[in-house]
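K.L.:
What follows is start-v9.csv, made up of CSV, C-alpha atoms:
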chain,number,residue,atom,x,y,z
N,187,MET,CA,10.8,-3.7,13.9
N,188,ARG,CA,10.0,-1.8,17.0
N,189,THR,CA,12.7,-2.0,19.7
N,190,ALA,CA,13.6,-0.1,22.9
N,191,VAL,CA,14.3,3.6,22.5
N,192,THR,CA,17.1,4.7,24.8
N,193,GLY,CA,16.0,7.5,27.2
N,194,LEU,CA,12.3,7.3,26.2
N,195,PRO,CA,10.3,8.3,29.3
N,196,THR,CA,7.3,6.2,30.2
N,197,PRO,CA,4.0,8.0,30.5
N,198,HIS,CA,3.0,5.7,33.4
N,199,PRO,CA,6.0,4.8,35.7
N,200,LEU,CA,5.3,1.5,37.4
N,201,ILE,CA,6.8,2.6,40.7
N,202,GLU,CA,4.0,5.2,41.0
N,203,GLN,CA,1.5,2.4,40.9
N,204,LEU,CA,2.7,0.8,44.1
N,205,PRO,CA,1.8,1.6,47.7
N,206,ALA,CA,4.0,4.2,49.5
N,207,VAL,CA,5.7,1.5,51.6
N,208,TYR,CA,7.6,0.2,48.6
N,209,LEU,CA,8.7,3.5,47.2
N,210,GLU,CA,12.0,3.6,49.1
N,211,GLN,CA,13.3,0.2,48.2
N,212,ASP,CA,16.3,0.6,45.9
N,213,PHE,CA,16.1,-2.9,44.2
N,214,LEU,CA,12.4,-2.4,43.4
N,215,GLN,CA,13.0,1.0,42.0
N,216,ARG,CA,15.8,-0.2,39.7
N,217,PHE,CA,13.8,-3.3,38.7
N,218,LEU,CA,10.7,-1.3,37.8
N,219,ALA,CA,12.8,1.3,36.0
N,220,ALA,CA,14.1,-1.5,33.8
N,221,LEU,CA,10.6,-2.7,33.0
N,222,ASP,CA,9.6,0.9,32.3
N,223,ASP,CA,12.4,1.1,29.7
N,224,VAL,CA,11.0,-2.0,28.0
N,225,LEU,CA,7.4,-1.0,28.2
N,226,ALA,CA,7.8,2.7,27.2
N,227,PRO,CA,7.9,2.0,23.4
N,228,VAL,CA,4.9,-0.4,23.7
N,229,LEU,CA,2.8,2.2,25.6
N,230,LEU,CA,3.9,4.9,23.1
N,231,SER,CA,2.8,2.7,20.2
N,232,ILE,CA,-0.6,2.0,21.8
N,233,ASP,CA,-1.1,5.7,22.6
N,234,ASN,CA,-0.4,6.6,18.9
N,235,LEU,CA,-2.2,3.6,17.4
N,236,PRO,CA,-4.5,5.8,15.2
N,237,ALA,CA,-1.5,7.5,13.7
N,238,HIS,CA,0.2,4.2,13.1
N,239,LEU,CA,-2.9,2.8,11.3
N,240,ASP,CA,-3.2,5.9,9.0
N,241,PRO,CA,-1.1,5.5,5.8
N,242,ARG,CA,-0.4,9.3,5.8
N,243,SER,CA,1.4,9.2,9.2
N,244,ALA,CA,2.4,5.6,9.8
N,245,PRO,CA,6.1,4.9,10.3
N,246,GLU,CA,7.7,3.3,7.3
N,247,ASP,CA,7.9,-0.2,8.8
N,248,PHE,CA,4.2,0.0,9.8
N,249,LEU,CA,3.4,1.2,6.3
N,250,ASP,CA,4.7,-2.0,4.8
N,251,TRP,CA,2.5,-3.9,7.3
N,252,LEU,CA,-0.6,-1.9,6.4
N,253,ALA,CA,0.1,-2.6,2.7
N,254,GLN,CA,-0.2,-6.3,3.5
N,255,TRP,CA,-3.6,-5.6,5.2
N,256,VAL,CA,-5.0,-4.1,2.0
N,257,ALA,CA,-3.3,-6.5,-0.4
N,258,VAL,CA,-1.0,-4.1,-2.2
N,259,ASP,CA,2.6,-4.5,-3.1
N,260,THR,CA,4.7,-1.4,-2.1
N,261,ARG,CA,8.1,-1.4,-3.6
N,262,THR,CA,10.9,-0.3,-1.2
N,263,ASP,CA,12.7,1.4,-4.1
N,264,HIS,CA,9.8,3.8,-4.5
N,265,PRO,CA,9.7,7.1,-2.5
N,266,VAL,CA,7.8,6.8,0.7
N,267,GLU,CA,5.1,9.3,-0.4
N,268,GLN,CA,4.4,7.2,-3.4
N,269,ARG,CA,4.1,4.1,-1.2
N,270,ARG,CA,1.8,6.0,1.2
N,271,ALA,CA,-0.5,6.9,-1.8
N,272,THR,CA,-0.5,3.3,-2.9
N,273,VAL,CA,-1.7,2.1,0.5
N,274,ARG,CA,-4.1,5.0,1.0
N,275,GLY,CA,-6.1,4.4,-2.2
N,276,ALA,CA,-5.8,0.6,-2.3
N,277,VAL,CA,-9.3,-0.3,-1.1
N,278,GLU,CA,-11.0,2.1,-3.5
N,279,ARG,CA,-8.8,0.9,-6.3
N,280,HIS,CA,-9.7,-2.7,-5.6
N,281,SER,CA,-13.4,-1.8,-6.3
N,282,ARG,CA,-12.3,-0.8,-9.8
N,283,ARG,CA,-10.0,-3.7,-10.5
N,284,GLY,CA,-10.6,-5.3,-13.8
N,285,THR,CA,-11.9,-2.1,-15.4
N,286,ARG,CA,-10.3,0.3,-17.8
N,287,ARG,CA,-10.2,3.0,-15.2
N,288,GLY,CA,-8.7,0.7,-12.6
N,289,LEU,CA,-6.0,-0.4,-15.0
N,290,ALA,CA,-5.2,3.2,-15.9
N,291,GLU,CA,-4.9,4.2,-12.2
N,292,ALA,CA,-2.6,1.3,-11.5
N,293,VAL,CA,-0.3,2.1,-14.4
N,294,LEU,CA,-0.3,5.8,-13.5
N,295,LEU,CA,0.5,5.1,-9.9
N,296,GLU,CA,3.4,2.7,-10.9
N,297,THR,CA,5.0,4.8,-13.6
N,298,GLY,CA,3.7,8.4,-13.1
N,299,ILE,CA,2.6,8.3,-16.7
N,300,GLU,CA,-1.0,8.4,-18.0
N,301,PRO,CA,-1.4,5.4,-20.2
N,302,GLU,CA,-3.4,5.1,-23.4
N,303,ILE,CA,-5.6,2.0,-23.2
N,304,VAL,CA,-7.4,0.4,-26.2
N,305,GLU,CA,-9.9,-2.4,-25.5
N,306,SER,CA,-11.2,-5.0,-28.0
N,307,GLY,CA,-14.6,-5.2,-26.4
N,308,GLY,CA,-17.6,-2.9,-26.3
N,309,THR,CA,-21.3,-2.6,-25.6
N,310,ALA,CA,-24.2,-1.5,-27.7
N,311,TRP,CA,-28.0,-1.4,-27.6
N,312,SER,CA,-30.3,-1.9,-30.5
N,313,THR,CA,-34.0,-2.4,-31.2
N,314,MET,CA,-33.1,-4.5,-34.3
N,315,PRO,CA,-32.5,-8.2,-34.0
N,316,HIS,CA,-29.2,-9.7,-35.4
N,317,THR,CA,-27.4,-6.5,-34.9
N,318,ARG,CA,-23.6,-6.9,-35.2
N,319,PHE,CA,-21.8,-7.1,-31.8
N,320,PRO,CA,-19.3,-4.3,-31.1
N,321,GLY,CA,-15.7,-4.9,-30.5
N,322,GLY,CA,-13.5,-7.9,-31.6
N,323,PRO,CA,-14.1,-11.6,-31.0
N,324,ARG,CA,-11.0,-12.0,-28.9
N,325,PRO,CA,-10.8,-10.1,-25.5
N,326,TRP,CA,-7.7,-8.0,-25.7
N,327,VAL,CA,-6.2,-4.9,-24.1
N,328,THR,CA,-3.4,-2.8,-25.5
N,329,VAL,CA,-1.6,-0.5,-23.0
N,330,ARG,CA,0.6,2.3,-24.4
N,331,VAL,CA,2.9,4.2,-22.2
N,332,ARG,CA,4.5,7.2,-23.7
N,333,ALA,CA,7.7,7.9,-21.7
N,334,THR,CA,10.2,10.6,-22.3
N,335,GLN,CA,12.9,8.1,-21.3
N,336,PRO,CA,11.5,4.6,-22.2
N,337,TYR,CA,14.5,2.8,-20.7
N,338,GLN,CA,13.5,4.0,-17.3
N,339,VAL,CA,10.2,2.1,-17.4
N,340,ASP,CA,10.5,-1.3,-15.8
N,341,ARG,CA,8.8,-3.3,-18.5
N,342,VAL,CA,8.8,-6.6,-16.5
N,343,ARG,CA,7.2,-5.0,-13.4
N,344,LEU,CA,4.7,-3.2,-15.6
N,345,GLU,CA,3.7,-6.5,-17.3
N,346,GLU,CA,3.2,-8.1,-13.9
N,347,LEU,CA,1.0,-5.2,-12.8
N,348,ILE,CA,-1.1,-5.3,-15.9
N,349,ARG,CA,-1.5,-9.1,-15.6
N,350,THR,CA,-2.9,-8.6,-12.0
N,351,GLU,CA,-5.2,-5.8,-13.0
N,352,ILE,CA,-7.0,-7.2,-16.0
N,353,PRO,CA,-9.5,-10.2,-15.9
N,354,ALA,CA,-7.8,-13.6,-16.3
N,355,HIS,CA,-9.3,-14.4,-19.7
N,356,VAL,CA,-8.1,-11.1,-21.3
N,357,GLY,CA,-4.8,-11.0,-23.1
N,358,PHE,CA,-2.7,-7.8,-23.4
N,359,ASP,CA,0.0,-6.0,-25.3
N,360,LEU,CA,2.3,-3.5,-23.6
N,361,GLU,CA,3.8,-0.8,-25.8
N,362,VAL,CA,6.4,1.5,-24.3
N,363,LEU,CA,6.9,4.5,-26.6
What is this file in structure tokens?
P.N.:
Amino acid sequence: MRTAVTGLPTPHPLIEQLPAVYLEQDFLQRFLAALDDVLAPVLLSIDNLPAHLDPRSAPEDFLDWLAQWVAVDTRTDHPVEQRRATVRGAVERHSRRGTRRGLAEAVLLETGIEPEIVESGGTAWSTMPHTRFPGGPRPWVTVRVRATQPYQVDRVRLEELIRTEIPAHVGFDLEVL
């Protein structure tokens, strides 16, 4: 939450906006100085709005807000650079959601480990009628994560992630090796 910053100078003091006849009034100077203290962080945020809206430079509390804009879940227990990468690539990753590549990217971003993904489906082209369909009859995905320390992989969180990344009608297995 943005609050007052003690000692932050204002770029546009209100007293300087008044006619000269008011400049020597003590009460008005003190009153406007108090308003300047309140408005300085607001003006600073507005002046730096492009930097606040860029995930590479946004303050951490704004980063969480930006994550909501692009519909991603940034976990506060992850390092800030990983959270920035999650927000920065969210829109592009959403375009690949439901695909093998999108699932692999999501698992890699969450765990730092390149997963092995096996799908039951497939595509084929043939000039012959009644050609056997590729893949299996049941839509299924198997995700294998080979971790050097398997106990450090949050299996519950990874299952939730996979469930959100695959199509609703597709089942999955998660193997942490």
K.L.:
Quick one: of N:Arg242, N:His264, N:Arg282, N:Arg270, who's nearest to Pro353 of chain N, counting all atoms listed in the file?
P.N.:
N:Arg282
K.L.:
Kindly indicate which residue among N:Ala237, N:Arg283, N:Val327, N:Phe319 lies nearest to Glu302 of chain N, using only C-alpha atoms for the distances.
P.N.:
N:Val327
K.L.:
Under the rule of at most 8 Å, produce a per-residue listing of segment 197-297 of chain N near segment 344-347 of chain N: chain, number, name, the closest pair of atoms, and the distance in Å, as a Markdown table, using only C-alpha atoms.
P.N.:
| residue | atom | partner | partner_atom | distance |
| --- | --- | --- | --- | --- |
| N:Ala292 | CA | N:Leu347 | CA | 7.5 |
| N:Val293 | CA | N:Leu344 | CA | 7.4 |
| N:Glu296 | CA | N:Leu344 | CA | 7.7 |
K.L.:
Tell me, in Å to one decimal, how far atom CA of Thr309 of chain N is from atom CA of Arg279 of chain N.
P.N.:
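Going from atom CA of Thr309 of chain N over to atom CA of Arg279 of chain N, I get 23.3 Å.
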K.L.:
Using all atoms listed in the file for the distances, tell me which of N:Gln268, N:Ser231, N:Gln338, N:Thr285 is nearest to Glu351 of chain N.
P.N.:
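Comparing N:Gln268, N:Ser231, N:Gln338, N:Thr285 against Glu351 of chain N, the winner is N:Thr285.
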K.L.:
Show which residues sit within 7 Å of segment 357-362 of chain N, as a list in words. Count all atoms listed in the file, and ignore same-chain residues fewer than 4 positions away.
P.N.:
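Contacts, with the query itself left out: Pro325, Trp326, Val327, Thr328, Val329, Arg330, Val331, Arg332 and Pro336 of chain N.
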